[in-house]
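Novice: Quick one: this structure, given as structure tokens, is what I'll be asking you about.
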Amino acid sequence: MNIIDGKQVSAAVKERIRAEIERDGLDIGLAVIIVGNDPASRVYVNNKKKACEVCSIKSYEYALPEDTTQEQLLELIDTLNASPNVNGILCQLPLPKHLDEKAVIEAISPLKDVDAFNAVNVGRIMIGDYAFLPCTPAGVMELIHSTGTEVSGKECVVIGRSNIVGKPMAMLLLHENGTVTVCHSRTKDLAEVCRRADILVSAVGKAGFVTADMVKDGAVVIDVGMNRNADGKLCGDVDFDEVAPKCSYITPVPGGVGPMTIAMLMQNTLKAKRLQIQDEQ
Ligand code: GUN
């Protein structure tokens, strides 16, 4: 069994991005919007800003109060869409309940949508012709590649069908010729489906959800979950102690997928800058 070191893989990606930005003398800005006081969102936003520093990307934080109106938020996005200093725009989700998340996502210019959440970018991912990678799924692919595992022809099972992770994850595995099954809360005999997987990706959001009886011997197990266990400790979806001995490779939480999502965000921000330079010419 091998533990995949997401911090190490992500550090290498960020270093490559930094070197490229400095080599080409690019001036790149990422706007990060956070609304309200969700503590988990605050941690994610701080980590994204730190990654910007490492990569020589300027970050501009817009921390808005909980009672921000939809109009105020959309106005800010309009301003950022038009700003030449801002190459990427990220609005940290979830938003407070009174705000319309879908409308906010669609308001971000597709050229600056570094999360690739906008319908235009999602559609491009679907047809396999895209500029912006979906950050978390792309980070998972990098981790799988780091093990030397070939996806082509493998049984790949994704647990979870969210727009942010499950669905685009299935697409990226499919683009690499995996045989992909997407499981969800209505799946019959989930354990039996998961046991077929050579590559098992869990994005459920429940601590201890994936148990040893759901994992084939020698499988690659990628844990996208970010949960707190009964002791308040950060943990994934996978019962790590029980599952790890059965795997060829497994990601830990923390230190697995999380750092990769952020590295992919940096990569998209660089890509956004390059697209905008092209667009101007
Ligand atoms: N909330 C949870 N994951 C993400 C993400 O990747 N991007 C944004 N903007 N919000 C999130």
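Simple scheme: letters A, B, ... for chains in structure tokens order, numbers from 1 for residues in each chain, numbers from 1 for ligands in the order shown.
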Could you tell me, as a ChimeraX atom specification, which residues of range 81-152 of chain A DSSP assigns to alpha helix (DSSP H) when given the backbone?
Specialist: /A:81-82,101-107,119-127,135-146
Novice: With only C-alpha atoms and all ligand atoms counted, collect every polymer residue having an atom within 7 Å of ligand 1; state the result as a PyMOL selection string.
Specialist: chain A and resi 90-94+115+135-136+164+261
Novice: Which is closest to Asp27 in chain A among A:Arg186, A:Lys58, A:Arg42, A:Arg161, if we use only C-alpha atoms?
Specialist: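 The closest residue to Asp27 in chain A is A:Lys58.
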Novice: Excluding Cys183 in chain A and its own-chain neighbours fewer than 4 positions away, which residues fall within 8 Å of it when counting only C-alpha atoms? Please give them as a compact mmCIF listing (two decimals) with C-alpha atoms, in the first residue's frame.
Specialist:
# COMPACT_ATOMS: atom_id res chain seq x y z
CA VAL A 157 -16.38 4.09 -9.94
CA VAL A 158 -17.28 7.61 -8.78
CA ILE A 159 -19.48 7.91 -5.70
CA GLY A 160 -21.38 11.21 -5.83
CA ARG A 161 -22.93 13.14 -8.70
CA THR A 187 -27.74 3.23 -6.28
CA LEU A 190 -23.47 0.26 -3.76
Novice: Near Ala40 in chain A, within 12 Å and counting only C-alpha atoms, which residues show up once chain neighbours fewer than 5 positions away are dropped, as a ChimeraX atom specification?
Specialist: /A:34,45-47,92-94,226-228,234
Novice: Between A:Ala138, A:Ala230, A:Ile127, A:Val32, single out the one closest to Ala263 in chain A, counting only C-alpha atoms.
Specialist: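 Ranked by minimum distance to Ala263 in chain A, first place goes to A:Ala138.
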Novice: Which residue gives the smallest distance to Asp279 in chain A among A:Met266, A:Lys188, A:Ala12, A:Lys112, with only C-alpha atoms counted?
Specialist: A:Lys112
Novice: Find the residues near range 235-251 of chain A: any atom within 12 Å, counting only C-alpha atoms, skip ones fewer than 6 places away on the same chain, and give them as number ranges by chain.
Specialist: A: 1-7, 9, 139-140, 143-149, 159-160, 195, 197-229, 257-260
Novice: Write out as a VMD selection string which residues come within 6 Å of Gly178 in chain A when counting only C-alpha atoms, dropping same-chain ones fewer than 5 positions away.
Specialist: chain A and resid 151 to 154 173
Novice: Measuring atom to atom with only C-alpha atoms, identify which of A:Gly166, A:Asp38, A:Gly88, A:Gln72 is nearest to Ser59 in chain A.
Specialist: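 Going through A:Gly166, A:Asp38, A:Gly88, A:Gln72 one by one, the smallest distance to Ser59 in chain A is for A:Gly88.
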